[in-house]
>>> print(open('data.tsv').read())   # TSV, C-alpha atoms
chain	number	residue	atom	x	y	z
A	621	MET	CA	128.08	108.74	106.47
A	622	THR	CA	127.74	112.46	106.97
A	623	SER	CA	130.56	114.30	108.56
A	624	ARG	CA	130.50	116.44	111.64
A	625	ALA	CA	130.99	119.53	109.49
A	626	ASP	CA	127.91	118.67	107.41
A	627	LYS	CA	125.80	118.13	110.51
A	628	LEU	CA	126.99	121.41	112.00
A	629	GLY	CA	126.24	123.20	108.74
A	630	ARG	CA	122.68	121.91	108.83
A	631	MET	CA	122.38	122.96	112.47
A	632	VAL	CA	123.59	126.47	111.60
A	633	SER	CA	121.01	126.80	108.83
A	634	LEU	CA	118.25	125.59	111.15
A	635	VAL	CA	119.24	127.99	113.93
A	636	LYS	CA	119.39	130.82	111.38
A	637	LEU	CA	115.83	129.99	110.33
A	638	GLN	CA	114.76	130.04	113.97
A	639	LEU	CA	116.44	133.43	114.34
A	640	ARG	CA	114.57	134.76	111.31
A	641	LEU	CA	111.30	133.52	112.78
A	642	SER	CA	112.07	135.21	116.10
A	643	GLU	CA	112.95	138.44	114.30
A	644	TRP	CA	109.67	138.25	112.37
A	645	GLN	CA	107.75	137.71	115.62
A	646	LEU	CA	109.52	140.72	117.13
A	647	ALA	CA	108.58	142.81	114.09
A	648	GLN	CA	104.95	141.73	114.47
A	649	LEU	CA	104.99	142.73	118.14
A	650	ARG	CA	106.52	146.11	117.27
A	651	GLN	CA	103.82	146.66	114.65
A	652	GLN	CA	101.12	145.71	117.14
A	653	GLU	CA	102.68	148.08	119.67
A	654	ARG	CA	102.65	150.93	117.13
A	655	SER	CA	99.00	150.33	116.23
A	656	LEU	CA	98.02	150.36	119.91
A	657	GLN	CA	99.94	153.59	120.42
A	658	ASP	CA	98.20	155.13	117.40
A	659	GLU	CA	94.85	154.08	118.81
A	660	GLN	CA	95.78	155.60	122.19
A	661	GLU	CA	96.71	158.87	120.51
A	662	TRP	CA	93.42	158.92	118.62
A	663	LEU	CA	91.44	158.20	121.78
A	664	VAL	CA	93.26	160.91	123.74
A	665	GLY	CA	92.59	163.34	120.90
A	666	ALA	CA	88.92	162.37	120.91
A	667	LEU	CA	88.72	162.98	124.67
A	668	ASN	CA	90.54	166.31	124.38
A	669	ASP	CA	88.25	167.58	121.63
A	670	GLY	CA	85.37	167.63	124.05
A	671	ARG	CA	83.02	166.16	121.47
A	672	PRO	CA	83.33	162.35	121.31
A	673	PRO	CA	82.72	160.59	118.00
A	674	ALA	CA	79.15	159.67	117.16
A	675	GLY	CA	77.87	156.78	119.26
A	676	SER	CA	80.56	157.12	121.93
A	677	SER	CA	80.58	158.77	125.30
A	678	SER	CA	83.54	160.13	127.19
A	679	GLU	CA	83.26	157.23	129.63
A	680	SER	CA	83.34	154.60	126.87
A	681	ILE	CA	86.35	156.28	125.27
A	682	ALA	CA	88.10	156.38	128.66
A	683	ARG	CA	87.42	152.65	129.19
A	684	ARG	CA	88.67	151.90	125.70
A	685	LEU	CA	91.77	154.00	126.34
A	686	ASN	CA	92.39	152.11	129.58
A	687	ARG	CA	92.09	148.71	127.82
A	688	THR	CA	94.35	149.90	125.02
A	689	SER	CA	97.03	151.13	127.41
A	690	VAL	CA	96.94	147.84	129.35
A	691	GLY	CA	97.26	145.95	126.06
A	692	ALA	CA	100.11	148.20	124.96
A	693	ARG	CA	102.03	147.52	128.18
A	694	ALA	CA	101.53	143.77	127.74
A	695	VAL	CA	102.75	143.95	124.14
A	696	GLN	CA	105.75	146.02	125.21
A	697	ALA	CA	106.65	143.39	127.82
A	698	ARG	CA	106.34	140.58	125.25
A	699	ALA	CA	108.41	142.61	122.77
A	700	ALA	CA	111.14	143.09	125.37
A	701	GLN	CA	111.19	139.33	126.06
A	702	GLN	CA	111.26	138.62	122.33
A	703	LEU	CA	114.13	141.06	121.85
A	704	ASP	CA	116.12	139.24	124.54
A	705	HIS	CA	115.29	135.96	122.79
A	706	VAL	CA	116.47	137.34	119.43
A	707	ARG	CA	119.72	138.54	120.96
A	708	ALA	CA	120.34	135.15	122.60
A	709	GLU	CA	119.64	133.32	119.33
A	710	SER	CA	121.91	135.72	117.49
A	711	ARG	CA	124.77	134.86	119.86
A	712	ARG	CA	123.98	131.17	119.45
A	713	VAL	CA	124.13	131.49	115.65
A	714	LYS	CA	127.52	133.19	115.84
A	715	GLN	CA	128.89	130.51	118.16
A	716	LEU	CA	127.58	127.68	115.99
A	717	GLU	CA	128.98	129.33	112.87
A	718	GLU	CA	132.42	129.43	114.49
A	719	VAL	CA	132.20	125.77	115.49
A	720	ALA	CA	130.98	124.80	112.01
A	721	LYS	CA	133.75	126.82	110.39
A	722	ALA	CA	136.36	125.04	112.53
A	723	ALA	CA	134.84	121.64	111.74
A	724	LEU	CA	134.84	122.42	108.02
A	725	ALA	CA	138.48	123.50	108.23
A	726	ASP	CA	139.30	120.20	109.98
A	727	LYS	CA	137.42	118.28	107.30
A	728	LEU	CA	139.29	120.07	104.51
A	729	ARG	CA	142.62	119.58	106.28
A	730	ASP	CA	141.94	115.85	106.63
A	731	ALA	CA	140.96	115.59	102.96
A	732	GLU	CA	144.14	117.38	101.91
A	733	LYS	CA	146.20	115.13	104.18
A	734	ARG	CA	144.62	112.00	102.69
A	735	ALA	CA	145.16	113.28	99.16
A	736	LEU	CA	148.79	114.07	99.91
A	737	GLU	CA	149.32	110.64	101.49
A	738	GLU	CA	147.78	108.95	98.47
A	739	MET	CA	150.00	110.93	96.09
A	740	THR	CA	153.15	110.13	98.02
A	741	GLY	CA	152.14	106.59	98.88
A	742	LEU	CA	152.48	107.15	102.58
A	743	SER	CA	148.94	106.34	103.59
A	744	PRO	CA	148.64	104.19	106.72
A	745	ALA	CA	146.59	101.62	104.80
A	746	VAL	CA	149.27	101.35	102.10
A	747	ARG	CA	152.01	101.08	104.71
A	748	ALA	CA	150.18	98.19	106.38
A	749	TRP	CA	150.02	96.25	103.10
A	750	THR	CA	153.59	96.77	101.97
A	751	PRO	CA	156.23	94.44	103.40
A	752	ARG	CA	158.85	96.04	105.56
A	753	PRO	CA	162.43	95.70	104.40
A	754	ALA	CA	164.45	93.24	106.44
A	755	ASN	CA	166.91	94.77	108.84
A	756	ARG	CA	170.34	93.64	107.63
A	757	ASN	CA	172.35	95.03	110.48
A	758	LYS	CA	171.85	92.11	112.82
A	759	THR	CA	174.60	91.50	115.30
>>> encode(input="data.tsv", output="structure tokens")
Amino acid sequence: MTSRADKLGRMVSLVKLQLRLSEWQLAQLRQQERSLQDEQEWLVGALNDGRPPAGSSSESIARRLNRTSVGARAVQARAAQQLDHVRAESRRVKQLEEVAKAALADKLRDAEKRALEEMTGLSPAVRAWTPRPANRNKT
């Protein structure tokens, strides 16, 4: 049978993996946000030059810039939510690690106690099997 400490250790590793996944998702959102910002800068530069790139009109660039800025705001909102999620999972990992550490300490303490009882012969199981000495001070 697995102990509470073992179960908590597995839970900690699972929550850490979830945290890593959330951090990766946040990094992807940040990268997407940067690429949208770069595209916005390029589009603004194209509009400011006065001569749009071949095959594009000022109106099409303005529409594209509008779509890009709307997308950038949506990505920023998702990134903010993801950041809150990462922070919450980070706190959860720390709390679980503390609980797991305490459970492991309890497990080790119990193992040491059992080992000590076995060495000294004071284990409850041994005491139950050994006959008690008769009380000779009867009145």
>>> axis_aligned_box(input="data.tsv", around="region 638-644 of chain A", padding_each_side="6 Å", output="lines of an AutoDock Vina configuration file")
center_x = 113.1
center_y = 134.2
center_z = 113.7
size_x = 18.8
size_y = 20.4
size_z = 16.8
>>> closest_residue(input="data.tsv", among="A:Ala625, A:Ala682, A:Ala697, A:Met739", to="Arg650 (chain A)", atoms="only C-alpha atoms")
A:Ala697
>>> closest_residue(input="data.tsv", among="A:Ala699, A:Ala722, A:Val635, A:Val713", to="Ala647 (chain A)", atoms="all atoms listed in the file")
A:Ala699
>>> closest_residue(input="data.tsv", among="A:Ala720, A:Ala692, A:Leu728, A:Leu736", to="Asp626 (chain A)", atoms="all atoms listed in the file")
A:Ala720
>>> closest_residue(input="data.tsv", among="A:Gly629, A:Ala725, A:Leu649, A:Arg684", to="Ala666 (chain A)", atoms="all atoms listed in the file")
A:Arg684
>>> residues_around(input="data.tsv", residues="Ser633 (chain A)", least_positions_apart="5", cutoff="12 Å", atoms="only C-alpha atoms", output="list in words")
Asp626, Lys627, Leu628, Gln638, Leu639, Arg640, Arg712, Val713, Lys714, Leu716, Glu717 and Ala720 of chain A
>>> atom_distance(input="data.tsv", atom1="CA of Arg683 (chain A)", atom2="CA of Gln648 (chain A)")
25.4 Å
>>> residues_around(input="data.tsv", residues="Thr688 (chain A)", least_positions_apart="3", cutoff="8 Å", atoms="all atoms listed in the file", output="list in words")
Leu656, Glu659, Gln660, Arg684, Leu685, Gly691 and Ala692 of chain A
>>> atom_distance(input="data.tsv", atom1="CA of Glu679 (chain A)", atom2="CA of Leu667 (chain A)")
9.4 Å
>>> closest_residue(input="data.tsv", among="A:Ala708, A:Ala694, A:Leu663, A:Val719", to="Glu643 (chain A)", atoms="all atoms listed in the file")
A:Ala708
>>> closest_residue(input="data.tsv", among="A:Ala674, A:Leu646, A:Ile681, A:Ala700", to="Trp662 (chain A)", atoms="only C-alpha atoms")
A:Ile681
>>> atom_distance(input="data.tsv", atom1="CA of Asn686 (chain A)", atom2="CA of Gln645 (chain A)")
25.3 Å
>>> decode(input="data.tsv", residues="region 641-652 of chain A", atoms="N, CA, C and O atoms", output="compact mmCIF listing (two decimals), in the first residue's frame")
# COMPACT_ATOMS: atom_id res chain seq x y z
N LEU A 641 3.29 23.43 -18.16
CA LEU A 641 2.44 23.58 -19.34
C LEU A 641 1.82 24.97 -19.38
O LEU A 641 1.79 25.62 -20.43
N SER A 642 1.35 25.46 -18.25
CA SER A 642 0.77 26.80 -18.20
C SER A 642 1.81 27.86 -18.53
O SER A 642 1.51 28.84 -19.22
N GLU A 643 3.03 27.68 -18.03
CA GLU A 643 4.10 28.63 -18.34
C GLU A 643 4.42 28.61 -19.83
O GLU A 643 4.67 29.66 -20.43
N TRP A 644 4.41 27.42 -20.43
CA TRP A 644 4.67 27.30 -21.86
C TRP A 644 3.56 28.00 -22.65
O TRP A 644 3.84 28.72 -23.62
N GLN A 645 2.31 27.81 -22.23
CA GLN A 645 1.19 28.47 -22.90
C GLN A 645 1.32 29.99 -22.79
O GLN A 645 1.05 30.72 -23.76
N LEU A 646 1.74 30.46 -21.63
CA LEU A 646 1.95 31.90 -21.45
C LEU A 646 3.06 32.39 -22.38
O LEU A 646 2.93 33.46 -22.99
N ALA A 647 4.13 31.64 -22.49
CA ALA A 647 5.22 32.02 -23.39
C ALA A 647 4.73 32.08 -24.84
O ALA A 647 5.11 32.99 -25.60
N GLN A 648 3.90 31.13 -25.22
CA GLN A 648 3.34 31.14 -26.58
C GLN A 648 2.48 32.38 -26.80
O GLN A 648 2.54 33.01 -27.87
N LEU A 649 1.67 32.73 -25.82
CA LEU A 649 0.84 33.93 -25.94
C LEU A 649 1.70 35.19 -26.03
O LEU A 649 1.40 36.10 -26.80
N ARG A 650 2.76 35.25 -25.24
CA ARG A 650 3.67 36.41 -25.29
C ARG A 650 4.33 36.51 -26.67
O ARG A 650 4.47 37.61 -27.21
N GLN A 651 4.72 35.36 -27.22
CA GLN A 651 5.34 35.36 -28.54
C GLN A 651 4.33 35.81 -29.60
O GLN A 651 4.66 36.61 -30.49
N GLN A 652 3.11 35.35 -29.49
CA GLN A 652 2.06 35.76 -30.42
C GLN A 652 1.80 37.26 -30.29
O GLN A 652 1.62 37.96 -31.30
